[in-house]
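Next comes input39.cif, a file with mmCIF, C-alpha atoms.
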data_protein
loop_
_atom_site.label_atom_id
_atom_site.label_comp_id
_atom_site.auth_asym_id
_atom_site.auth_seq_id
_atom_site.Cartn_x
_atom_site.Cartn_y
_atom_site.Cartn_z
CA MET A 1 -252.38 -24.44 -18.78
CA GLY A 2 -250.98 -21.17 -20.14
CA LYS A 3 -248.38 -20.90 -17.37
CA ILE A 4 -247.12 -24.43 -17.98
CA TYR A 5 -246.86 -23.71 -21.70
CA MET A 6 -244.82 -20.56 -20.98
CA ILE A 7 -242.49 -22.46 -18.62
CA VAL A 8 -241.92 -25.23 -21.19
CA LEU A 9 -241.32 -22.60 -23.89
CA ALA A 10 -238.81 -20.78 -21.64
CA LEU A 11 -236.93 -24.02 -20.88
CA CYS A 12 -236.79 -24.93 -24.57
CA SER A 13 -235.42 -21.45 -25.34
CA ILE A 14 -232.71 -21.88 -22.71
CA ILE A 15 -231.72 -25.29 -24.12
CA ILE A 16 -231.61 -23.94 -27.67
CA SER A 17 -229.57 -20.89 -26.60
CA ILE A 18 -227.06 -23.10 -24.77
CA THR A 19 -226.49 -25.08 -27.98
CA VAL A 20 -226.11 -21.84 -29.95
CA VAL A 21 -223.74 -20.33 -27.36
CA GLN A 22 -221.57 -23.43 -27.39
CA GLY A 23 -221.51 -23.38 -31.18
CA ILE A 24 -221.55 -27.16 -31.43
CA ASP A 25 -224.17 -29.79 -30.62
CA ILE A 26 -222.80 -32.08 -27.88
CA SER A 27 -225.80 -34.37 -27.54
CA PRO A 28 -225.00 -38.12 -27.71
CA GLU A 29 -226.76 -38.38 -31.07
CA ALA A 30 -224.81 -35.46 -32.55
CA VAL A 31 -221.48 -36.82 -31.26
CA ASP A 32 -222.28 -40.26 -32.75
CA LYS A 33 -223.14 -38.64 -36.09
CA TRP A 34 -219.89 -36.63 -35.93
CA PHE A 35 -217.83 -39.79 -35.32
CA LYS A 36 -219.47 -41.58 -38.25
CA LYS A 37 -218.25 -38.75 -40.52
CA LEU A 38 -214.75 -38.75 -38.96
CA PRO A 39 -213.07 -40.96 -41.60
CA HIS A 40 -213.94 -38.30 -44.21
CA LYS A 41 -212.85 -35.32 -42.13
CA LYS A 42 -209.56 -33.55 -42.66
CA GLU A 43 -207.34 -32.78 -39.68
CA LYS A 44 -207.02 -29.06 -38.91
CA VAL A 45 -204.25 -27.09 -37.27
CA THR A 46 -205.21 -24.18 -35.04
CA LYS A 47 -202.77 -21.77 -33.42
CA LEU A 48 -203.88 -19.95 -30.28
CA HIS A 49 -202.21 -17.19 -28.27
CA PHE A 50 -203.43 -15.81 -24.94
CA PHE A 51 -202.35 -14.81 -21.44
CA LEU A 52 -203.23 -16.52 -18.17
CA HIS A 53 -203.92 -14.15 -15.25
CA GLU A 54 -203.70 -15.68 -11.78
CA GLU A 55 -204.36 -14.01 -8.44
CA GLY A 56 -203.16 -15.94 -5.38
CA THR A 57 -204.51 -13.42 -2.84
CA GLY A 58 -207.08 -10.65 -2.51
CA VAL A 59 -210.72 -10.22 -3.42
CA ASN A 60 -210.22 -11.51 -6.98
CA GLN A 61 -208.28 -14.62 -5.92
CA THR A 62 -208.28 -17.40 -8.55
CA ALA A 63 -205.86 -19.91 -6.96
CA TYR A 64 -206.51 -21.64 -3.64
CA PRO A 65 -204.30 -24.11 -1.76
CA VAL A 66 -206.35 -27.23 -0.96
CA ALA A 67 -203.75 -29.64 0.47
CA GLN A 68 -200.14 -29.82 1.61
CA SER A 69 -197.54 -32.29 2.83
CA ASN A 70 -195.87 -32.13 6.22
CA ILE A 71 -192.90 -30.34 4.64
CA SER A 72 -194.64 -28.00 2.16
CA PHE A 73 -193.99 -24.80 4.09
CA THR A 74 -190.46 -25.73 5.22
CA SER A 75 -189.39 -26.96 1.77
CA PRO A 76 -187.64 -24.35 -0.43
CA THR A 77 -189.76 -25.60 -3.36
CA LEU A 78 -193.07 -25.86 -1.41
CA PHE A 79 -193.04 -29.58 -2.25
CA GLY A 80 -196.43 -31.24 -1.85
CA LEU A 81 -198.56 -28.09 -1.92
CA VAL A 82 -201.68 -28.66 -4.05
CA VAL A 83 -203.61 -25.73 -5.52
CA MET A 84 -206.96 -25.57 -7.34
CA ILE A 85 -207.23 -22.80 -9.92
CA ASP A 86 -209.89 -20.99 -11.90
CA ASP A 87 -207.63 -18.48 -13.62
CA ILE A 88 -208.68 -15.97 -16.27
CA LEU A 89 -207.49 -16.23 -19.89
CA LYS A 90 -207.18 -12.89 -21.70
CA VAL A 91 -206.16 -11.66 -25.14
CA GLY A 92 -203.29 -9.64 -23.64
CA ALA A 93 -201.13 -9.18 -20.57
CA ALA A 94 -202.90 -5.94 -19.56
CA SER A 95 -205.45 -6.26 -16.77
CA ASP A 96 -208.17 -4.68 -18.94
CA SER A 97 -207.63 -7.10 -21.85
CA GLN A 98 -210.63 -8.98 -23.23
CA ILE A 99 -211.42 -12.25 -21.44
CA VAL A 100 -211.47 -15.31 -23.73
CA GLY A 101 -211.90 -18.07 -21.16
CA ARG A 102 -210.78 -19.75 -17.97
CA CYS A 103 -208.02 -22.16 -16.99
CA GLN A 104 -209.46 -24.59 -14.46
CA GLY A 105 -207.91 -27.50 -12.66
CA LEU A 106 -205.31 -28.73 -10.28
CA MET A 107 -201.59 -28.20 -9.86
CA GLY A 108 -199.14 -29.47 -7.30
CA LEU A 109 -195.56 -28.55 -6.49
CA SER A 110 -193.82 -31.76 -7.45
CA SER A 111 -190.05 -31.42 -7.04
CA LEU A 112 -187.81 -31.40 -3.98
CA GLU A 113 -184.96 -29.84 -5.99
CA GLU A 114 -186.48 -27.12 -8.21
CA THR A 115 -189.69 -25.15 -8.52
CA SER A 116 -191.79 -27.40 -10.70
CA LEU A 117 -195.50 -28.07 -11.01
CA ILE A 118 -197.43 -31.11 -12.11
CA MET A 119 -200.53 -29.69 -13.80
CA ALA A 120 -203.88 -31.22 -14.77
CA LEU A 121 -205.66 -28.27 -16.34
CA THR A 122 -208.31 -27.40 -18.90
CA PHE A 123 -208.58 -24.23 -20.95
CA VAL A 124 -212.31 -23.47 -21.20
CA PHE A 125 -213.11 -20.97 -23.95
CA THR A 126 -216.06 -18.62 -23.32
CA THR A 127 -216.10 -16.29 -26.33
CA GLY A 128 -215.85 -16.31 -30.10
CA LYS A 129 -215.84 -19.34 -32.36
CA TYR A 130 -214.34 -21.57 -29.63
CA ASN A 131 -217.03 -20.66 -27.07
CA GLY A 132 -218.00 -23.82 -25.15
CA SER A 133 -214.95 -25.76 -26.35
CA SER A 134 -212.00 -26.82 -24.23
CA LEU A 135 -208.42 -28.09 -24.36
CA SER A 136 -206.86 -30.22 -21.62
CA PHE A 137 -203.28 -30.87 -20.68
CA LEU A 138 -201.43 -32.96 -18.13
CA ALA A 139 -197.82 -31.92 -17.80
CA ARG A 140 -194.77 -31.08 -15.77
CA ASN A 141 -194.07 -27.35 -15.71
CA PRO A 142 -190.57 -26.43 -14.41
CA THR A 143 -191.45 -22.79 -13.71
CA SER A 144 -187.84 -21.74 -13.10
CA ASN A 145 -187.12 -22.31 -16.82
CA LYS A 146 -187.74 -19.30 -19.10
CA TYR A 147 -189.69 -21.37 -21.66
CA ARG A 148 -191.67 -24.52 -20.96
CA GLU A 149 -193.28 -27.02 -23.32
CA MET A 150 -196.32 -29.11 -22.41
CA PRO A 151 -198.50 -31.57 -24.35
CA ILE A 152 -202.19 -31.08 -25.10
CA VAL A 153 -203.85 -34.42 -24.39
CA GLY A 154 -207.44 -33.80 -25.47
CA GLY A 155 -210.29 -31.45 -26.06
CA SER A 156 -214.01 -31.02 -26.47
CA GLY A 157 -216.42 -29.15 -28.73
CA VAL A 158 -214.54 -27.69 -31.68
CA PHE A 159 -211.40 -29.38 -30.33
CA ARG A 160 -212.66 -32.99 -30.27
CA LEU A 161 -209.76 -35.48 -30.47
CA ALA A 162 -207.27 -32.64 -29.97
CA ARG A 163 -203.56 -33.16 -29.53
CA GLY A 164 -200.80 -30.65 -29.68
CA ILE A 165 -198.18 -28.64 -27.91
CA ILE A 166 -198.11 -25.66 -25.57
CA SER A 167 -195.22 -23.24 -25.25
CA THR A 168 -195.39 -20.97 -22.21
CA GLN A 169 -193.35 -18.37 -20.41
CA THR A 170 -193.97 -16.34 -17.28
CA ILE A 171 -194.37 -12.61 -17.93
CA VAL A 172 -195.10 -11.44 -14.35
CA SER A 173 -194.51 -13.28 -11.09
CA ASN A 174 -194.87 -11.44 -7.79
CA ALA A 175 -193.98 -13.61 -4.78
CA THR A 176 -195.61 -11.16 -2.33
CA THR A 177 -199.03 -10.72 -3.98
CA LEU A 178 -198.95 -14.11 -5.76
CA HIS A 179 -199.95 -12.29 -8.96
CA THR A 180 -198.85 -14.19 -12.07
CA ILE A 181 -199.25 -13.59 -15.78
CA ALA A 182 -198.09 -16.30 -18.19
CA GLU A 183 -198.09 -16.19 -21.97
CA TYR A 184 -199.39 -19.29 -23.77
CA GLU A 185 -198.90 -20.24 -27.41
CA LEU A 186 -200.65 -23.40 -28.61
CA ILE A 187 -200.51 -25.47 -31.76
CA VAL A 188 -203.51 -27.81 -31.82
CA PHE A 189 -204.34 -30.65 -34.21
CA HIS A 190 -208.06 -31.48 -34.29
CA TYR A 191 -210.90 -32.42 -36.65
#
Re-express the file's structure as structure tokens.
Amino acid sequence: MGKIYMIVLALCSIIISITVVQGIDISPEAVDKWFKKLPHKKEKVTKLHFFLHEEGTGVNQTAYPVAQSNISFTSPTLFGLVVMIDDILKVGAASDSQIVGRCQGLMGLSSLEETSLIMALTFVFTTGKYNGSSLSFLARNPTSNKYREMPIVGGSGVFRLARGIISTQTIVSNATTLHTIAEYELIVFHY
């Protein structure tokens, strides 16, 4: 009986710590309660700034090709190549910068005429007051342009009902090592 009690106690502790780590209760009851209070909530604006670090090769690889068209590797734009990513988000561009989250999702090279991605990605925050929250975007990213703008289409946790805009630029892009660093600035409306 004592062992079962200890196992149940350990599981309850894990469940409680997950809720504390996430910083927001995401149970169906809590979400329903949150929505009932929504008409009285004031919309907030949050500005975020971080750097995406992507490794396309090597032991720390974060981007993996998963599909391609018949012309992907003969096309000058790699048209039809699809890549899954689990990139690292950091406070700065330096490799030893503090990690704040991950960028996870799917991107495909979508243009026959220019280097452009169609991206379905989610920023998953793993530290600080946004720990356990996420922001998602679905956008075209013409990577040959210095600055690109993309819409935020949703979020979770602290960013429930999020909408907003992303401004990004590539800081480092090495075609040989497939090492990329991109700077992201976000303006997010949420409740």
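If only C-alpha atoms are the atoms counted, then among A:Val158, A:Leu106, A:Val153, A:Ile71 the closest residue to Lys129 of chain A is A:Val158.
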### Task
Write out as an NGL selection string which residues come within 7 Å of segment 81-96 of chain A when counting all atoms listed in the file, dropping same-chain ones fewer than 4 positions away.
:A and (50-54 or 62-69 or 72 or 100-109 or 181)
### Message
At a cut-off of 12 Å, using all atoms listed in the file, what residues contact Asn145 of chain A? Leave out same-chain residues fewer than 4 positions from it and give the result as a count of residues only.
### Response
11
Which polymer residues have any atom within 9 Å of an atom of segment 31-42 of chain A, counting all atoms listed in the file, with same-chain residues fewer than 5 positions away left out, as a PDB file with C-alpha atoms, in the coordinates of the input?
ATOM      1  CA  ASP A  25    -224.170 -29.790 -30.620  1.00  0.00           C
ATOM      2  CA  ILE A  26    -222.800 -32.080 -27.880  1.00  0.00           C
ATOM      3  CA  HIS A 190    -208.060 -31.480 -34.290  1.00  0.00           C
ATOM      4  CA  TYR A 191    -210.900 -32.420 -36.650  1.00  0.00           C
TER       5      TYR A 191
END
### Task
Please measure the separation of atom CA of Ser75 of chain A and atom CA of Phe137 of chain A, giving the value in Å to one decimal.
26.7 Å
### Query
Any idea what the distance is between atom CA of Lys47 of chain A and atom CA of Tyr147 of chain A?
17.6 Å
### Task
Can you pull out every residue within 12 Å of Thr177 of chain A, counting all atoms listed in the file, but drop anything in the same chain fewer than 5 positions away, and send it as a ChimeraX atom specification?
/A:54-61,63,172
### Residues within 6 Å of Glu185 of chain A, all atoms listed in the file, excluding chain neighbours under 2 positions, as a ChimeraX atom specification
/A:48-49,166-167
Would you mind exporting the chosen residues as an mmCIF file, in the coordinates of the input, restricted to C-alpha atoms?
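And here is the file that came out, again13.cif:
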data_model
loop_
_atom_site.group_PDB
_atom_site.id
_atom_site.type_symbol
_atom_site.label_atom_id
_atom_site.label_comp_id
_atom_site.auth_asym_id
_atom_site.auth_seq_id
_atom_site.Cartn_x
_atom_site.Cartn_y
_atom_site.Cartn_z
ATOM 1 C CA LEU A 48 -203.880 -19.950 -30.280
ATOM 2 C CA HIS A 49 -202.210 -17.190 -28.270
ATOM 3 C CA ILE A 166 -198.110 -25.660 -25.570
ATOM 4 C CA SER A 167 -195.220 -23.240 -25.250
#
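Here atom CA of Ser136 of chain A is placed at a distance of 25.4 Å from atom CA of Thr77 of chain A.
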### Task
Check what the PyMOL selection byres ((chain A and resi 134) around 6) selects in the file above and give those residues as JSON, numbers by chain.
{"A": [123, 124, 125, 133, 135, 155, 156]}
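If you measure from each of A:Ser111, A:Thr126, A:Asn174, A:Thr46 to Gly80 of chain A using all atoms listed in the file, the closest one turns out to be A:Ser111.
Counting all atoms listed in the file and comparing A:Glu183, A:Phe189, A:Gly157, A:Leu121, the residue that lies closest to Ala30 of chain A is A:Gly157.
Take the candidates A:Met150, A:Asn70, A:Thr122, A:Glu29 and check each one against Leu186 of chain A using all atoms listed in the file; the shortest distance goes to A:Met150.
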Axis-aligned box over every listed atom of segment 125-138 of chain A, padded by 8 Å per side: centre and edges in Å to one decimal, as lines of an AutoDock Vina configuration file?
center_x = -209.7
center_y = -24.6
center_z = -25.2
size_x = 32.6
size_y = 32.7
size_z = 30.2
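The nearest approach to Pro76 of chain A among the residues A:Ser173, A:Thr127, A:Gln98, A:Ser110, with all atoms listed in the file taken into account, belongs to A:Ser110.
The residues returned by the PyMOL selection byres ((chain A and resi 163) around 6) on the shown structure are Ile152, Val153, Gly154, Ala162, Gly164, Val188 and Phe189 of chain A.
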